[in-house]
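Just below is one structure, and these are the notes that go with it.
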Amino acid sequence: MKKLLKILSGRFFAFIFLMLFQVLLLIAVILNFMGSSTLYISIVYILGFVSAFYVLSREEYPAFKLSWVIIILVAPVFGVPFYLIFGNKRNTKAIDRQVYEYNQYVLNQGKAHELFHPVEMKEVSLTAKRQSDYIHRLAKTRVFDGTHVTYLESGEISFNHIVKEIKRAKKFILVETFIIDFGFMWHSILTLLKEKVEEGVSVYLLYDDLGTIQNLPKRYAATLNGMGIKAVVFNKMRAHLNPRLNYRDHRKIIVIDGHVGFTGGINLADEYMNRKIRFGHWKDTAVKIEGNAVYSMSEMFFQQWCFASKTSVDITSFMPKKVSKNDGYVQPFGDSPLDNYNVSENAYIQIINHAFDYVWITTPYLILDIQMSTALTIAAESGVDVRIITPSIPDKWYVHSVSRSHYKALLRS
């Protein structure tokens, strides 16, 4: 009963209630027009055909366009207004200008191309160069040497490394995450962050509003700022029909003093280090990056920070001060809903297309579009050893069902 009362009195329930109310109100208005005017229906059907052609002509992802075309043609009375509200993913001019100005700043004032020795990937591998050039042109990040990478195979191991490095922090700590939940993990890290603030270390914390809406109080960022932690909430949830509601920050980045960085699937909640068991043993991984390549992680963090806080930052003051033993070439990059590029997926597809021996994948959600499915199928039919591991215990039953729907076609190939 206490859990139910907490849910009913929480911010997330209020948000869902208000959103459903707006959807039902919109449907009621549409039905009212339909009942009062046959001309309206004729106009809507004409608009449906026009809208379908408009959607097809846009430079959008094919699967996205096809979904909306089907909805519009099958039920134009509802499809057209819902597309106008949810399907039009164009950014405002202010957002486009903000993204452009940040990218220009990184290229001109961030000066990564001047501060680090350039790596000529054509001397390493032409295949790697093509991949690297694609990421550089679209994601604006470059390849680094002087970097060491450590694979962290579980949340428990990742947590121990993160705590160890935070304790060593002397200048600044950057934390970007999707989920924060009260418990041992967050309490431990928050305690360390407060200690570091008292030592004069600058701490920046960016978390997503949807990821924390059921866990944190509404004004928790203000509480953190009162502790001396610079905290900002990414894309606050506002109960009005808008496609930007789905623009979420699902990244997990931690940077310490510019020369140590962490990224992977670990959120700041106990289930990610198996202190809280919800779906059996939770298997998430991370990587620890040390050296020059951490600079790109700082850049990515501050792109989101500047966007969410509407402030500017001199990124060059967050330069790495240590060069680690080089064990290869590293190119951190991020993807964003603020552009029309599927950088991550296309980078993966290039990797799969260039595989000769094997492609081994472990993923919680196997949600494939035709491009990724085709790449995996062609690889397997070419004799490449393709293996995919997905969880047997789902954390989201509906996503699990979608994952399983791909099994038959993949197994056939």
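Here's how to read the names in the structure tokens: chain A, B, ... by the order shown, residue numbers from 1 in each chain, ligand numbers from 1 in the order shown.
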When DSSP works through the backbone of this structure, what residues of range 53-167 of chain A end up as strand (DSSP E or B), shown as a PyMOL selection string? chain A and resi 144+147-152
Quick one: which range 292-366 of chain A residues come within 12 Å of range 377-398 of chain A, and what is the nearest atom pair for each with the distance in Å to one decimal, counting only C-alpha atoms, rows ordered by chain and ascending number, as JSON lines?
```
{"residue": "A:Ile349", "atom": "CA", "partner": "A:Ala379", "partner_atom": "CA", "distance": 10.3}
{"residue": "A:Gln350", "atom": "CA", "partner": "A:Ala379", "partner_atom": "CA", "distance": 11.3}
{"residue": "A:Ile351", "atom": "CA", "partner": "A:Ala379", "partner_atom": "CA", "distance": 10.6}
{"residue": "A:Ile352", "atom": "CA", "partner": "A:Ala379", "partner_atom": "CA", "distance": 6.9}
{"residue": "A:Asn353", "atom": "CA", "partner": "A:Ala379", "partner_atom": "CA", "distance": 6.7}
{"residue": "A:His354", "atom": "CA", "partner": "A:Ala379", "partner_atom": "CA", "distance": 8.8}
{"residue": "A:Ala355", "atom": "CA", "partner": "A:Val384", "partner_atom": "CA", "distance": 7.1}
{"residue": "A:Phe356", "atom": "CA", "partner": "A:Val384", "partner_atom": "CA", "distance": 6.0}
{"residue": "A:Asp357", "atom": "CA", "partner": "A:Val384", "partner_atom": "CA", "distance": 5.2}
{"residue": "A:Tyr358", "atom": "CA", "partner": "A:Asp385", "partner_atom": "CA", "distance": 4.3}
{"residue": "A:Val359", "atom": "CA", "partner": "A:Val386", "partner_atom": "CA", "distance": 4.8}
{"residue": "A:Trp360", "atom": "CA", "partner": "A:Arg387", "partner_atom": "CA", "distance": 4.9}
{"residue": "A:Ile361", "atom": "CA", "partner": "A:Ile388", "partner_atom": "CA", "distance": 4.7}
{"residue": "A:Thr362", "atom": "CA", "partner": "A:Ile389", "partner_atom": "CA", "distance": 4.5}
{"residue": "A:Thr363", "atom": "CA", "partner": "A:Thr390", "partner_atom": "CA", "distance": 5.5}
{"residue": "A:Pro364", "atom": "CA", "partner": "A:Thr390", "partner_atom": "CA", "distance": 5.5}
{"residue": "A:Tyr365", "atom": "CA", "partner": "A:Thr390", "partner_atom": "CA", "distance": 7.1}
{"residue": "A:Leu366", "atom": "CA", "partner": "A:Thr390", "partner_atom": "CA", "distance": 7.4}
```
Residue contacts of range 313-316 of chain A (7 Å, only C-alpha atoms) excluding same-chain residues fewer than 2 positions away, as a list of chain:residue names: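 Close residues of range 313-316 of chain A: A:Gly110, A:Glu299, A:Thr311, A:Phe318, A:Met319.
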Distance query Gly48 in chain A at most 6 Å, only C-alpha atoms, self and fewer than 3 positions along chain excluded, as number ranges by chain: A: 44-45, 51, 72, 76
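Between CA of Ser413 in chain A and CA of Ala128 in chain A lies a distance of 27.2 Å.
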Nearby residues (only C-alpha atoms) at most 8 Å from Glu271 in chain A, same-chain spacing under 6 positions excluded, as a PDB file with all heavy atoms, in the first residue's frame:
```pdb
ATOM      1  N   ILE A 277      18.613  -6.736  -6.082  1.00  0.00           N
ATOM      2  CA  ILE A 277      18.310  -7.740  -7.096  1.00  0.00           C
ATOM      3  C   ILE A 277      16.863  -7.592  -7.559  1.00  0.00           C
ATOM      4  O   ILE A 277      15.924  -7.727  -6.785  1.00  0.00           O
ATOM      5  CB  ILE A 277      18.530  -9.173  -6.549  1.00  0.00           C
ATOM      6  CG1 ILE A 277      19.946  -9.301  -5.979  1.00  0.00           C
ATOM      7  CG2 ILE A 277      18.276 -10.205  -7.632  1.00  0.00           C
ATOM      8  CD1 ILE A 277      21.052  -9.047  -6.975  1.00  0.00           C
ATOM      9  N   ARG A 278      16.702  -7.299  -8.856  1.00  0.00           N
ATOM     10  CA  ARG A 278      15.355  -7.150  -9.425  1.00  0.00           C
ATOM     11  C   ARG A 278      15.094  -8.174 -10.523  1.00  0.00           C
ATOM     12  O   ARG A 278      14.007  -8.685 -10.655  1.00  0.00           O
ATOM     13  CB  ARG A 278      15.186  -5.741 -10.004  1.00  0.00           C
ATOM     14  CG  ARG A 278      15.240  -4.625  -8.968  1.00  0.00           C
ATOM     15  CD  ARG A 278      15.064  -3.277  -9.637  1.00  0.00           C
ATOM     16  NE  ARG A 278      13.750  -3.159 -10.270  1.00  0.00           N
ATOM     17  CZ  ARG A 278      13.456  -2.273 -11.218  1.00  0.00           C
ATOM     18  NH1 ARG A 278      14.400  -1.447 -11.652  1.00  0.00           N
ATOM     19  NH2 ARG A 278      12.254  -2.221 -11.733  1.00  0.00           N
ATOM     20  N   TRP A 282      22.477  -8.733 -12.559  1.00  0.00           N
ATOM     21  CA  TRP A 282      22.490  -7.649 -13.538  1.00  0.00           C
ATOM     22  C   TRP A 282      23.876  -7.563 -14.167  1.00  0.00           C
ATOM     23  O   TRP A 282      24.863  -7.324 -13.482  1.00  0.00           O
ATOM     24  CB  TRP A 282      22.133  -6.325 -12.867  1.00  0.00           C
ATOM     25  CG  TRP A 282      21.879  -5.223 -13.849  1.00  0.00           C
ATOM     26  CD1 TRP A 282      22.801  -4.505 -14.523  1.00  0.00           C
ATOM     27  CD2 TRP A 282      20.605  -4.706 -14.252  1.00  0.00           C
ATOM     28  NE1 TRP A 282      22.200  -3.578 -15.336  1.00  0.00           N
ATOM     29  CE2 TRP A 282      20.845  -3.682 -15.184  1.00  0.00           C
ATOM     30  CE3 TRP A 282      19.285  -5.021 -13.909  1.00  0.00           C
ATOM     31  CZ2 TRP A 282      19.824  -2.959 -15.788  1.00  0.00           C
ATOM     32  CZ3 TRP A 282      18.269  -4.296 -14.508  1.00  0.00           C
ATOM     33  CH2 TRP A 282      18.534  -3.275 -15.434  1.00  0.00           C
TER      34      TRP A 282
END
```
Give me, as a tab-separated table, each residue of range 294-331 of chain A that comes within 9 Å of range 253-267 of chain A, together with its shortest interatomic pair and the distance in Å at one decimal, counting only C-alpha atoms, with rows ordered by chain and rising residue number.
```
residue	atom	partner	partner_atom	distance
A:Val294	CA	A:Gly261	CA	5.7
A:Tyr295	CA	A:Gly258	CA	6.3
A:Met297	CA	A:Gly261	CA	7.2
A:Ser298	CA	A:Val255	CA	6.8
A:Met300	CA	A:Ile253	CA	8.9
A:Phe301	CA	A:Ile253	CA	7.2
A:Phe318	CA	A:Gly258	CA	5.7
A:Met319	CA	A:Gly258	CA	5.5
A:Pro320	CA	A:Gly258	CA	4.2
A:Lys321	CA	A:His259	CA	6.3
A:Lys322	CA	A:His259	CA	5.9
A:Val323	CA	A:His259	CA	7.6
A:Ser324	CA	A:His259	CA	8.5
```
Set the distance at 12 Å and use only C-alpha atoms: which residues neighbour Lys122 in chain A once local chain neighbours fewer than 3 positions away are removed? I'd like the list as an MDAnalysis selection string. chainID A and resid 118:119 125:133 143
At what distance in Å, to one decimal, does CA of Leu368 in chain A lie from CA of Ser403 in chain A?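 Taking CA of Ser403 in chain A and CA of Leu368 in chain A, their separation equals 8.1 Å.
Residues in contact with range 226-230 of chain A at up to 7 Å, not including ones fewer than 5 positions away on its chain and judged by only C-alpha atoms, are Lys194, Val197, Val203, Tyr204 and Leu205 of chain A.
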Could you save the residues just selected, with all heavy atoms, as a compact mmCIF listing (two decimals), in the first residue's frame?
```txt
# COMPACT_ATOMS: atom_id res chain seq x y z
N LYS A 194 30.81 15.36 -2.12
CA LYS A 194 30.73 16.45 -1.14
C LYS A 194 32.09 16.68 -0.49
O LYS A 194 32.49 17.83 -0.26
CB LYS A 194 29.67 16.12 -0.08
CG LYS A 194 28.24 16.20 -0.60
CD LYS A 194 27.21 16.14 0.51
CE LYS A 194 27.15 14.79 1.15
NZ LYS A 194 26.06 14.68 2.16
N VAL A 197 34.22 18.57 -2.97
CA VAL A 197 33.84 19.99 -3.05
C VAL A 197 34.48 20.77 -1.92
O VAL A 197 35.00 21.88 -2.12
CB VAL A 197 32.30 20.12 -3.00
CG1 VAL A 197 31.90 21.58 -2.76
CG2 VAL A 197 31.68 19.62 -4.29
N VAL A 203 32.84 20.11 -9.10
CA VAL A 203 32.05 18.92 -9.44
C VAL A 203 30.85 19.36 -10.28
O VAL A 203 30.07 20.21 -9.88
CB VAL A 203 31.56 18.19 -8.17
CG1 VAL A 203 30.68 17.00 -8.57
CG2 VAL A 203 32.74 17.73 -7.33
N TYR A 204 30.74 18.76 -11.46
CA TYR A 204 29.62 19.00 -12.37
C TYR A 204 28.80 17.72 -12.48
O TYR A 204 29.36 16.65 -12.76
CB TYR A 204 30.12 19.39 -13.76
CG TYR A 204 30.87 20.70 -13.83
CD1 TYR A 204 32.20 20.79 -13.40
CD2 TYR A 204 30.28 21.85 -14.35
CE1 TYR A 204 32.91 21.97 -13.48
CE2 TYR A 204 30.97 23.05 -14.44
CZ TYR A 204 32.29 23.10 -14.00
OH TYR A 204 32.98 24.28 -14.08
N LEU A 205 27.48 17.83 -12.29
CA LEU A 205 26.60 16.66 -12.37
C LEU A 205 25.43 16.96 -13.29
O LEU A 205 24.70 17.93 -13.09
CB LEU A 205 26.08 16.29 -10.98
CG LEU A 205 25.03 15.18 -10.93
CD1 LEU A 205 25.58 13.86 -11.45
CD2 LEU A 205 24.50 15.00 -9.50
```
I need the residues of range 52-246 of chain A that end up classed as alpha helix (DSSP H) by DSSP on the backbone, written out as a PyMOL selection string. chain A and resi 52-57+62-74+76-82+93-105+112-115+126-139+155-167+184-198+209-212+220-226
Distance criterion (only C-alpha atoms): nearest to Ile16 in chain A out of A:Asn235, A:Gln371, A:Gln214, A:Ser67: A:Gln214
Per-residue nearest contacts of range 54-153 of chain A to range 332-336 of chain A (8 Å; only C-alpha atoms) as a tab-separated table:
```
residue	atom	partner	partner_atom	distance
A:Ile135	CA	A:Phe333	CA	7.3
A:Ala139	CA	A:Phe333	CA	6.3
A:Thr141	CA	A:Phe333	CA	6.0
A:Arg142	CA	A:Pro332	CA	7.8
A:Val143	CA	A:Pro332	CA	7.8
```
Keeping only C-alpha atoms, write the selected residues as a PDB file, in the first residue's frame.
```
ATOM      1  CA  ILE A 135      32.925   9.362 -37.046  1.00  0.00           C
ATOM      2  CA  ALA A 139      30.364  13.333 -34.601  1.00  0.00           C
ATOM      3  CA  THR A 141      35.550  13.721 -32.580  1.00  0.00           C
ATOM      4  CA  ARG A 142      39.056  12.617 -33.477  1.00  0.00           C
ATOM      5  CA  VAL A 143      41.389   9.683 -32.941  1.00  0.00           C
TER       6      VAL A 143
END
```
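Candidate residues A:Glu60, A:Asp270, A:Asp96, A:Glu345 were compared for distance to Trp186 in chain A, and the nearest is A:Asp270, using only C-alpha atoms.
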